[in-house]
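Beneath this line is the structure, given in structure tokens, with notes to follow.
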Amino acid sequence: MRFHRCVSPSNSTAARYLSSVFAAVAMVFGCLCALAESSNSPANSTTLYYWGSGSDAVALDIIQDFEKRHDGSDGAPVIKVIMGQTASINDIDDPQRLLTSIAGGDPPDVVWFNRYAVGGMASRGAFQSLQPFLDRDIRERAGDPATLRPEQFFAPCWADVNFDGQVYAIPADTDNRALYYNMDIFDKHAAQLIAAGCVSRDDPARPGPPRDWDQLKACAEILTQRDNDGRLQSVGFIPNFGNSWLYMFSWLNGGAFLSADGRTCTLNATENVEALVFMSEIYDLMGGAQKVNAFQTGLQGGDLDPFLSGRIAMRIDGDGFMNTIAAQKRDLRFGVVLTPAPKGKRPLGWSAGWSWVMPKGAKHPDAAWEFIKHMASRRAYEIRADALRQVAQAGGRIFIPWFSARRDITEWAFSHYLYDDPTIEGKYKNAMRVFSEAMPYSEHLPITPVGQMLWTAQVRALNEGIYKKYDPLDIGRNAQIALDMNTSPVQAELDRFYHPEELPVIHWEPLVWCYVTVVLTLLAIAYWRLGRPRQHGYFRREAYAGYAFAAPWFVGFLVFGAGPLCFSLLMSFSEYDVLSPPKFAGLRNYITMFSGDPLFYKSMGNTLFMVAGIPLGMIVGLGMAMLLSREIKGIAIYRTFFYLPSILPAVAGSILWIWIFNPREGILNTLLAKAGLPGPSWLLDPNWSKPALILMGLWGAGGGMIIWLAGLKAIPVQLYEAAELDGAGARRKFIHITIPMLSPYILFNLIVGVIGTFQMFTQAFIMTQGGPVDSSLFYVYYLFNNAFRYMKMGYASALGWVLFAIVLALTLLQLRISRTWVHYESEK
């Protein structure tokens, strides 16, 4: 039995998170079934484990075809394939499961992996080089049609999987990106567009797509429409809507992000600064990045896609977007051209896609290689394409083939499934020709060991540029500073990789034995002091029984608690990326943290800001408790309603509040508008993102309400009666009785609130991803990024211990100060 999970792909972080949870459960079931089947397999069979795409509904058919070709009928060993998926949010930002399997010595044999991350993982020794398999096949099987050769692949695709002179993956598919434009919208503004020089190449009397950046900017302004209140109703062009980023515009301007040898980060090069300035200017034409992003939050997908509904006139996107058009609005009049470049420079595309890799330590490399070749073959493409075409035709839709990374397969597929099909309109064929003809000279992401950090740096620089973080009056200076600030950390990481300092390697065996010796010594001392019961008979047996019941907890703590704590403390003084042996670096991580990492202070400042929400949450919780402490009919139901939000899963609550905070269609701004108040952009405004999350936190005040309610119930009624006899009113009773008697509960909620605030992670991860402009980059989220995105486990451990020290110091300080204001009823 084989396991395969099929879900629809989603761009939502929360949706991907939820799908990964279900996938994790399904993976357990699949593995159990796989083990049951493998136990019944022939002795000469090989079982491959393949981590594929969760959205690939046809992979099982291709796997069955592979197994049929390797069923042992020709005398060769039988090969069976068990397919699962990585159960991660995505394979780049969240590679923990893959890394754990490699580090633990039990990786899958083949993994479906994003090409642009291949270089970074290969540089850490995560993948096996496939160069020996390629060379062997070319040498020994030159006439075999299954033999793979570099010249079969598109140049950008093959470049993606090469690192340091070795091939570490086989490209699977690819895409290309270009500019889509809505002809109906262009016709409505024909006169203005023609006056701006945007004319059709075939008929100068008709409007056409822009040919350079000046015309693109003019089109964006002409095609943007506002309502009477000045709010955006439709826009001509949003630079970062679709699939473009700073990368695309920099390449169009002749820019690069790394030097030719890959050892110097050129993110702050003049061409990249000019590209960021151009993007900022277009955002400014529409009122600024904040207003444009607020407009984007109201946009949806499917048949409500803004390009299909006429709310966006132009967008940069991949060839796959044509399937959305064909499925949702087949009769749409649209065109596709390469994204215009500055005058005198060549328009181009951007190619990206996926690949198959063989993790380090794969147990069946030869069989895995045969499987990869089969997956990259025309036979596999044809099985998938035929199945998808049948599904499309059954639904009354047309089928548009996708790019294989192999040029020969793509040419055959486009001819067979697209160009020779008379039922497909010419606009789709013409558009695909634009994408296809640009493939040979399309750009691809830099292949570098710091690929993830470089990606994050260009995203951060883009946001800082369009939000004008550093200089709101001079966008050129602001762009230069933003790119300079984000070039430095990438260059530092490149220097660390290409010019590593000789550091001593940490060996685990002596440390493990040292830890075991310390634990055994402490246990011996504890037994000598406490473990020899002085009682006899029944009481001695009871004492031993007590120790026996406590033993599982102590053993669990020593193995799963104290051990990892000691390990992380040691890691905080080392350089460690999970796959390579750790190297002792002394205090370098701590020195870098306090003297060379501005994001450390930024994340700490954001977290400290959120501490201001603790008193507000305590006040709301206490107010709710006081209202619900009255003994009236149905009070239990009211208490339940107020408590429910606190037990709602954090992911579900985050998704709900994303819609509540929607600046255009959210219920919160709708209510403010009815009251005559302008609503802020909330999560899209750097000044309002943290207050928005504080406001969201009040929704869960019901959890604290239970504690406050218990405290209120514990206050003796006689105190209130005596105060009333003395003439005290409600206010004086609250100040002089309620507050002092609740002081232990105040202390508890304050300590728990501070600890919880410093551990804030889910909201940033699901709702804002640390933005906008790092305004919600909280400490633990920053720690997570360093550990699992940049693989800087040593630095992340140092961040963790600094967090522990801060929380411990604040807790001890609160306990110390509490002696002067906390009243316990038992005290005299």
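Residues in the structure tokens are named by chain (A, B, ... in the order shown) and by number from 1 within that chain; ligands are numbered from 1 in the order shown.
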
If we count only C-alpha atoms, what is near region 380-388 of chain A at a cut-off of 9 Å, once residues fewer than 3 positions away on the same chain are taken out, given as a compact mmCIF listing (two decimals) with all heavy atoms, in the first residue's frame?
```
# COMPACT_ATOMS: atom_id res chain seq x y z
N ALA A 57 -1.57 15.35 -7.73
CA ALA A 57 -2.59 14.31 -7.68
C ALA A 57 -2.30 13.15 -8.62
O ALA A 57 -2.96 12.12 -8.55
CB ALA A 57 -3.95 14.92 -8.03
N VAL A 58 -1.33 13.28 -9.49
CA VAL A 58 -1.08 12.26 -10.51
C VAL A 58 0.20 11.48 -10.23
O VAL A 58 0.52 10.53 -10.94
CB VAL A 58 -1.02 12.91 -11.91
CG1 VAL A 58 -1.09 11.87 -13.01
CG2 VAL A 58 -2.17 13.90 -12.08
N ALA A 59 0.93 11.86 -9.19
CA ALA A 59 2.22 11.20 -8.94
C ALA A 59 2.06 9.70 -8.73
O ALA A 59 2.93 8.92 -9.11
CB ALA A 59 2.89 11.84 -7.72
N ASP A 61 0.07 7.63 -10.20
CA ASP A 61 0.03 6.93 -11.49
C ASP A 61 1.43 6.77 -12.07
O ASP A 61 1.76 5.72 -12.65
CB ASP A 61 -0.85 7.71 -12.47
CG ASP A 61 -2.30 7.77 -12.03
OD1 ASP A 61 -2.72 6.87 -11.28
OD2 ASP A 61 -2.99 8.72 -12.42
N ILE A 62 2.25 7.79 -11.93
CA ILE A 62 3.61 7.72 -12.46
C ILE A 62 4.42 6.71 -11.66
O ILE A 62 5.23 5.95 -12.22
CB ILE A 62 4.27 9.11 -12.41
CG1 ILE A 62 3.45 10.10 -13.24
CG2 ILE A 62 5.70 9.05 -12.92
CD1 ILE A 62 3.92 11.53 -13.13
N ILE A 63 4.22 6.68 -10.35
CA ILE A 63 4.94 5.72 -9.51
C ILE A 63 4.54 4.29 -9.88
O ILE A 63 5.39 3.39 -9.97
CB ILE A 63 4.66 6.02 -8.03
CG1 ILE A 63 5.35 7.32 -7.62
CG2 ILE A 63 5.12 4.87 -7.15
CD1 ILE A 63 5.00 7.78 -6.22
N ASP A 65 3.57 3.27 -12.76
CA ASP A 65 4.21 2.97 -14.04
C ASP A 65 5.68 2.61 -13.82
O ASP A 65 6.19 1.69 -14.47
CB ASP A 65 4.09 4.17 -14.96
CG ASP A 65 4.67 3.91 -16.33
OD1 ASP A 65 4.06 3.16 -17.11
OD2 ASP A 65 5.74 4.47 -16.64
N PHE A 66 6.35 3.32 -12.92
CA PHE A 66 7.74 3.01 -12.61
C PHE A 66 7.87 1.62 -12.01
O PHE A 66 8.77 0.84 -12.38
CB PHE A 66 8.29 4.07 -11.65
CG PHE A 66 9.68 3.77 -11.14
CD1 PHE A 66 10.79 4.00 -11.92
CD2 PHE A 66 9.86 3.25 -9.86
CE1 PHE A 66 12.08 3.72 -11.45
CE2 PHE A 66 11.13 2.97 -9.38
CZ PHE A 66 12.23 3.21 -10.18
N HIS A 374 13.17 8.38 -14.26
CA HIS A 374 11.82 8.10 -14.73
C HIS A 374 10.91 9.30 -14.52
O HIS A 374 10.11 9.65 -15.41
CB HIS A 374 11.25 6.88 -13.99
CG HIS A 374 9.88 6.49 -14.45
ND1 HIS A 374 9.63 5.81 -15.61
CD2 HIS A 374 8.65 6.73 -13.88
CE1 HIS A 374 8.33 5.63 -15.77
NE2 HIS A 374 7.71 6.18 -14.73
N MET A 375 11.02 9.95 -13.37
CA MET A 375 10.17 11.12 -13.09
C MET A 375 10.48 12.26 -14.05
O MET A 375 9.60 13.09 -14.34
CB MET A 375 10.36 11.58 -11.65
CG MET A 375 9.94 10.56 -10.60
SD MET A 375 8.18 10.18 -10.65
CE MET A 375 7.48 11.65 -9.92
N ALA A 376 11.72 12.33 -14.56
CA ALA A 376 12.12 13.40 -15.48
C ALA A 376 11.90 13.03 -16.94
O ALA A 376 12.26 13.82 -17.83
CB ALA A 376 13.59 13.76 -15.25
N SER A 377 11.30 11.89 -17.19
CA SER A 377 11.17 11.40 -18.56
C SER A 377 9.92 11.94 -19.24
O SER A 377 8.99 12.44 -18.60
CB SER A 377 11.11 9.87 -18.56
OG SER A 377 9.91 9.43 -17.93
N VAL A 391 -9.23 15.59 -16.90
CA VAL A 391 -9.95 16.29 -15.83
C VAL A 391 -10.47 17.63 -16.33
O VAL A 391 -11.63 18.00 -16.07
CB VAL A 391 -9.03 16.49 -14.61
CG1 VAL A 391 -9.70 17.39 -13.57
CG2 VAL A 391 -8.68 15.14 -13.98
N ALA A 392 -9.62 18.38 -17.05
CA ALA A 392 -10.03 19.69 -17.57
C ALA A 392 -11.18 19.55 -18.56
O ALA A 392 -12.17 20.29 -18.48
CB ALA A 392 -8.84 20.39 -18.21
N GLN A 393 -11.07 18.61 -19.47
CA GLN A 393 -12.12 18.45 -20.48
C GLN A 393 -13.43 17.96 -19.85
O GLN A 393 -14.52 18.34 -20.30
CB GLN A 393 -11.64 17.48 -21.56
CG GLN A 393 -10.52 18.05 -22.43
CD GLN A 393 -9.97 17.05 -23.42
OE1 GLN A 393 -10.21 15.83 -23.31
NE2 GLN A 393 -9.22 17.53 -24.41
N PHE A 399 -7.16 22.57 -21.57
CA PHE A 399 -5.94 22.16 -20.87
C PHE A 399 -4.75 22.88 -21.48
O PHE A 399 -4.52 22.79 -22.69
CB PHE A 399 -5.75 20.66 -20.95
CG PHE A 399 -4.40 20.19 -20.47
CD1 PHE A 399 -4.06 20.28 -19.13
CD2 PHE A 399 -3.46 19.69 -21.35
CE1 PHE A 399 -2.82 19.87 -18.68
CE2 PHE A 399 -2.22 19.27 -20.92
CZ PHE A 399 -1.90 19.36 -19.58
N PRO A 401 -0.70 23.03 -21.23
CA PRO A 401 0.44 22.31 -20.65
C PRO A 401 1.39 23.27 -19.95
O PRO A 401 1.38 24.48 -20.15
CB PRO A 401 1.10 21.67 -21.87
CG PRO A 401 0.72 22.55 -23.01
CD PRO A 401 -0.66 23.06 -22.70
N TRP A 402 2.22 22.70 -19.10
CA TRP A 402 3.19 23.47 -18.33
C TRP A 402 4.59 23.23 -18.89
O TRP A 402 4.82 22.31 -19.68
CB TRP A 402 3.13 23.07 -16.86
CG TRP A 402 3.59 21.66 -16.61
CD1 TRP A 402 4.83 21.26 -16.20
CD2 TRP A 402 2.83 20.45 -16.78
NE1 TRP A 402 4.90 19.89 -16.10
CE2 TRP A 402 3.68 19.38 -16.45
CE3 TRP A 402 1.52 20.17 -17.18
CZ2 TRP A 402 3.25 18.05 -16.50
CZ3 TRP A 402 1.11 18.85 -17.24
CH2 TRP A 402 1.96 17.81 -16.90
N SER A 404 8.09 21.80 -18.89
CA SER A 404 9.06 20.88 -18.29
C SER A 404 10.40 21.58 -18.28
O SER A 404 10.67 22.46 -19.10
CB SER A 404 9.15 19.59 -19.11
OG SER A 404 10.29 18.82 -18.72
N ILE A 409 11.16 17.98 -24.09
CA ILE A 409 9.81 17.57 -23.66
C ILE A 409 8.84 18.74 -23.80
O ILE A 409 7.70 18.56 -24.22
CB ILE A 409 9.85 17.04 -22.22
CG1 ILE A 409 10.66 15.74 -22.16
CG2 ILE A 409 8.44 16.82 -21.69
CD1 ILE A 409 10.80 15.17 -20.76
N ALA A 413 5.44 18.77 -25.91
CA ALA A 413 4.18 18.94 -25.19
C ALA A 413 3.39 20.13 -25.71
O ALA A 413 2.17 20.05 -25.88
CB ALA A 413 4.46 19.11 -23.69
N TYR A 417 -0.20 19.24 -27.13
CA TYR A 417 -1.34 19.57 -26.29
C TYR A 417 -1.89 20.98 -26.53
O TYR A 417 -3.02 21.27 -26.13
CB TYR A 417 -0.97 19.46 -24.81
CG TYR A 417 -0.68 18.05 -24.36
CD1 TYR A 417 0.64 17.63 -24.15
CD2 TYR A 417 -1.70 17.14 -24.13
CE1 TYR A 417 0.92 16.34 -23.73
CE2 TYR A 417 -1.44 15.84 -23.72
CZ TYR A 417 -0.12 15.44 -23.51
OH TYR A 417 0.16 14.16 -23.10
```

Practice task
Mind listing the alpha helix (DSSP H) residues of region 640-672 of chain A, per DSSP on the backbone, as a ChimeraX atom specification?
Solution key: /A:640-647,650-660,667-672

Problem - Surrounding residues of region 650-667 of chain A excluding itself and chain neighbours under 4 positions, 12 Å, only C-alpha atoms, as a PyMOL selection string - result: chain A and resi 12-19+21+231-233+290-300+644-646+671-674+678-685+688-689+691-700+760-768

Wanna dump the region 287-365 of chain A-region 569-583 of chain A contacts at 12 Å for me, each residue with its shortest atom pair and the distance in Å to one decimal, counting only C-alpha atoms, ordered by chain and number, as JSON lines?
```
{"residue": "A:Pro359", "atom": "CA", "partner": "A:Leu579", "partner_atom": "CA", "distance": 11.5}
{"residue": "A:Lys360", "atom": "CA", "partner": "A:Leu579", "partner_atom": "CA", "distance": 9.8}
{"residue": "A:Gly361", "atom": "CA", "partner": "A:Leu579", "partner_atom": "CA", "distance": 11.6}
```

For the selection you just gave me, I'd like the residues written to a file as a JSON list (two decimals), in the first residue's frame, keeping C-alpha atoms.
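Final file, result-v5.json:
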```json
[["chain", "number", "residue", "atom", "x", "y", "z"],
["A", 359, "PRO", "CA", 19.52, 13.57, 0.43],
["A", 360, "LYS", "CA", 22.82, 12.70, 1.99],
["A", 361, "GLY", "CA", 22.66, 9.21, 3.48]]
```

Completion exercise
Between A:Ile751, A:Ile481, A:Ala548, A:Leu148, smallest distance to Leu813 (chain A) by only C-alpha atoms belongs to A:Ile751

Handout entry: Residues within 9 Å of region 255-258 of chain A, only C-alpha atoms, excluding chain neighbours under 4 positions, as a list in words
Key = Tyr247, Phe249, Ser250, Trp251, Gly262, Arg263, Thr264, Cys265, Thr266, Leu267, Asn268, Ala269, Thr270, Glu271, Asn272, Ala275, Pro446, Thr448 and Leu454 of chain A

Same residues, C-alpha atoms, output as a short mmCIF file (atom, residue, chain, number, x, y, z; two decimals), in the first residue's frame:
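Result file follows (selection07.cif):
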```
data_model
loop_
_atom_site.label_atom_id
_atom_site.label_comp_id
_atom_site.auth_asym_id
_atom_site.auth_seq_id
_atom_site.Cartn_x
_atom_site.Cartn_y
_atom_site.Cartn_z
CA TYR A 247 14.61 40.66 -8.26
CA PHE A 249 12.98 44.90 -11.71
CA SER A 250 16.67 44.78 -10.85
CA TRP A 251 17.35 42.23 -13.58
CA GLY A 262 29.41 34.56 -5.96
CA ARG A 263 31.48 35.88 -3.06
CA THR A 264 30.35 39.50 -2.94
CA CYS A 265 26.81 40.67 -2.31
CA THR A 266 25.88 43.44 -4.75
CA LEU A 267 22.37 44.03 -3.43
CA ASN A 268 23.16 47.74 -3.01
CA ALA A 269 24.46 48.20 -6.57
CA THR A 270 23.34 51.28 -8.48
CA GLU A 271 21.09 49.28 -10.83
CA ASN A 272 19.25 47.76 -7.87
CA ALA A 275 14.96 49.55 -9.61
CA PRO A 446 21.36 33.35 -7.53
CA THR A 448 24.53 30.65 -3.31
CA LEU A 454 19.55 36.95 0.31
#
```

Considering only C-alpha atoms, return as a PDB file with N, CA and C atoms, in the first residue's frame whatever protein or nucleic-acid residues lie within 9 Å of Lys80 (chain A), sequence-local ones (same chain, fewer than 2 positions apart) excluded.
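Result went into selection36.pdb, see below:
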```
ATOM      1  N   SER A  38       6.084  -3.615   3.268  1.00  0.00           N
ATOM      2  CA  SER A  38       7.501  -3.932   3.049  1.00  0.00           C
ATOM      3  C   SER A  38       7.879  -5.244   3.708  1.00  0.00           C
ATOM      4  N   SER A  41       7.439  -7.955   1.183  1.00  0.00           N
ATOM      5  CA  SER A  41       8.117  -7.797  -0.099  1.00  0.00           C
ATOM      6  C   SER A  41       9.121  -8.918  -0.311  1.00  0.00           C
ATOM      7  N   SER A  45      13.959  -7.254  -3.275  1.00  0.00           N
ATOM      8  CA  SER A  45      13.302  -6.001  -3.647  1.00  0.00           C
ATOM      9  C   SER A  45      13.918  -4.830  -2.893  1.00  0.00           C
ATOM     10  N   THR A  46      13.759  -3.659  -3.476  1.00  0.00           N
ATOM     11  CA  THR A  46      14.223  -2.409  -2.864  1.00  0.00           C
ATOM     12  C   THR A  46      13.018  -1.497  -2.673  1.00  0.00           C
ATOM     13  N   THR A  47      12.918  -0.916  -1.512  1.00  0.00           N
ATOM     14  CA  THR A  47      11.823   0.012  -1.218  1.00  0.00           C
ATOM     15  C   THR A  47      12.376   1.422  -1.108  1.00  0.00           C
ATOM     16  N   LEU A  48      11.900   2.290  -2.006  1.00  0.00           N
ATOM     17  CA  LEU A  48      12.314   3.693  -1.994  1.00  0.00           C
ATOM     18  C   LEU A  48      11.283   4.532  -1.244  1.00  0.00           C
ATOM     19  N   TYR A  49      11.770   5.519  -0.540  1.00  0.00           N
ATOM     20  CA  TYR A  49      10.896   6.469   0.140  1.00  0.00           C
ATOM     21  C   TYR A  49      11.027   7.822  -0.571  1.00  0.00           C
ATOM     22  N   ILE A  63       4.222   6.682 -10.355  1.00  0.00           N
ATOM     23  CA  ILE A  63       4.937   5.717  -9.511  1.00  0.00           C
ATOM     24  C   ILE A  63       4.538   4.294  -9.878  1.00  0.00           C
ATOM     25  N   GLN A  64       3.262   4.051 -10.122  1.00  0.00           N
ATOM     26  CA  GLN A  64       2.817   2.715 -10.520  1.00  0.00           C
ATOM     27  C   GLN A  64       3.439   2.307 -11.852  1.00  0.00           C
ATOM     28  N   PHE A  66       6.349   3.321 -12.920  1.00  0.00           N
ATOM     29  CA  PHE A  66       7.745   3.013 -12.610  1.00  0.00           C
ATOM     30  C   PHE A  66       7.874   1.620 -12.006  1.00  0.00           C
ATOM     31  N   GLU A  67       6.989   1.294 -11.081  1.00  0.00           N
ATOM     32  CA  GLU A  67       7.055  -0.021 -10.442  1.00  0.00           C
ATOM     33  C   GLU A  67       6.790  -1.139 -11.450  1.00  0.00           C
ATOM     34  N   HIS A  70       9.841  -1.944 -13.175  1.00  0.00           N
ATOM     35  CA  HIS A  70      10.858  -2.526 -12.293  1.00  0.00           C
ATOM     36  C   HIS A  70      10.225  -3.585 -11.394  1.00  0.00           C
ATOM     37  N   ASP A  71       9.455  -4.475 -12.038  1.00  0.00           N
ATOM     38  CA  ASP A  71       8.766  -5.523 -11.275  1.00  0.00           C
ATOM     39  C   ASP A  71       9.553  -6.818 -11.188  1.00  0.00           C
ATOM     40  N   VAL A  78      13.448  -5.950  -7.845  1.00  0.00           N
ATOM     41  CA  VAL A  78      12.155  -5.269  -7.785  1.00  0.00           C
ATOM     42  C   VAL A  78      12.323  -3.957  -7.014  1.00  0.00           C
ATOM     43  N   ILE A  82       7.365   4.143  -1.897  1.00  0.00           N
ATOM     44  CA  ILE A  82       6.392   4.618  -0.914  1.00  0.00           C
ATOM     45  C   ILE A  82       6.462   6.139  -0.914  1.00  0.00           C
TER      46      ILE A  82
END
```

Problem - Residue among A:Gly771, A:Gly236, A:Gly621, A:Gly794 lying closest to Leu587 (chain A), counting only C-alpha atoms - result: A:Gly794

Exercise for the section: Using CA of Ile746 (chain A) and CA of Gly617 (chain A) as the two end points, give the distance in Å to one decimal. Expected result: 11.5 Å

Handout entry: Selection near Leu627 (chain A), 12 Å with only C-alpha atoms, sequence-local residues under 6 positions removed, as a list in words
Key =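 In the requested form, the answer reads Val620, Gly621, Ile635, Tyr638, Arg639, Phe642, Met705, Trp708, Leu709 and Leu712 of chain A.
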
Please dump the current selection as a PDB file, in the first residue's frame; keep N, CA and C atoms.
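In the end it all went to part_28.pdb:
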```
ATOM      1  N   VAL A 620      -9.171  44.296  31.457  1.00  0.00           N
ATOM      2  CA  VAL A 620     -10.343  43.756  30.768  1.00  0.00           C
ATOM      3  C   VAL A 620     -10.780  42.441  31.404  1.00  0.00           C
ATOM      4  N   GLY A 621      -9.812  41.575  31.716  1.00  0.00           N
ATOM      5  CA  GLY A 621     -10.161  40.304  32.347  1.00  0.00           C
ATOM      6  C   GLY A 621     -10.815  40.492  33.701  1.00  0.00           C
ATOM      7  N   ILE A 635     -25.925  32.564  34.455  1.00  0.00           N
ATOM      8  CA  ILE A 635     -24.581  33.131  34.509  1.00  0.00           C
ATOM      9  C   ILE A 635     -23.535  32.149  33.987  1.00  0.00           C
ATOM     10  N   TYR A 638     -23.142  32.600  30.268  1.00  0.00           N
ATOM     11  CA  TYR A 638     -22.392  33.817  29.941  1.00  0.00           C
ATOM     12  C   TYR A 638     -20.889  33.600  30.164  1.00  0.00           C
ATOM     13  N   ARG A 639     -20.564  32.945  31.285  1.00  0.00           N
ATOM     14  CA  ARG A 639     -19.146  32.694  31.573  1.00  0.00           C
ATOM     15  C   ARG A 639     -18.524  31.824  30.482  1.00  0.00           C
ATOM     16  N   PHE A 642     -17.806  33.931  27.310  1.00  0.00           N
ATOM     17  CA  PHE A 642     -16.649  34.812  27.441  1.00  0.00           C
ATOM     18  C   PHE A 642     -15.341  34.018  27.519  1.00  0.00           C
ATOM     19  N   MET A 705      -9.865  35.754  32.941  1.00  0.00           N
ATOM     20  CA  MET A 705     -11.103  35.996  33.670  1.00  0.00           C
ATOM     21  C   MET A 705     -11.391  34.881  34.670  1.00  0.00           C
ATOM     22  N   TRP A 708      -9.334  35.533  37.739  1.00  0.00           N
ATOM     23  CA  TRP A 708      -9.901  36.659  38.487  1.00  0.00           C
ATOM     24  C   TRP A 708     -11.196  36.262  39.179  1.00  0.00           C
ATOM     25  N   LEU A 709     -11.994  35.463  38.527  1.00  0.00           N
ATOM     26  CA  LEU A 709     -13.267  35.044  39.101  1.00  0.00           C
ATOM     27  C   LEU A 709     -13.041  34.189  40.345  1.00  0.00           C
ATOM     28  N   LEU A 712     -12.077  36.593  43.120  1.00  0.00           N
ATOM     29  CA  LEU A 712     -13.213  37.351  43.645  1.00  0.00           C
ATOM     30  C   LEU A 712     -14.080  36.489  44.538  1.00  0.00           C
TER      31      LEU A 712
END
```
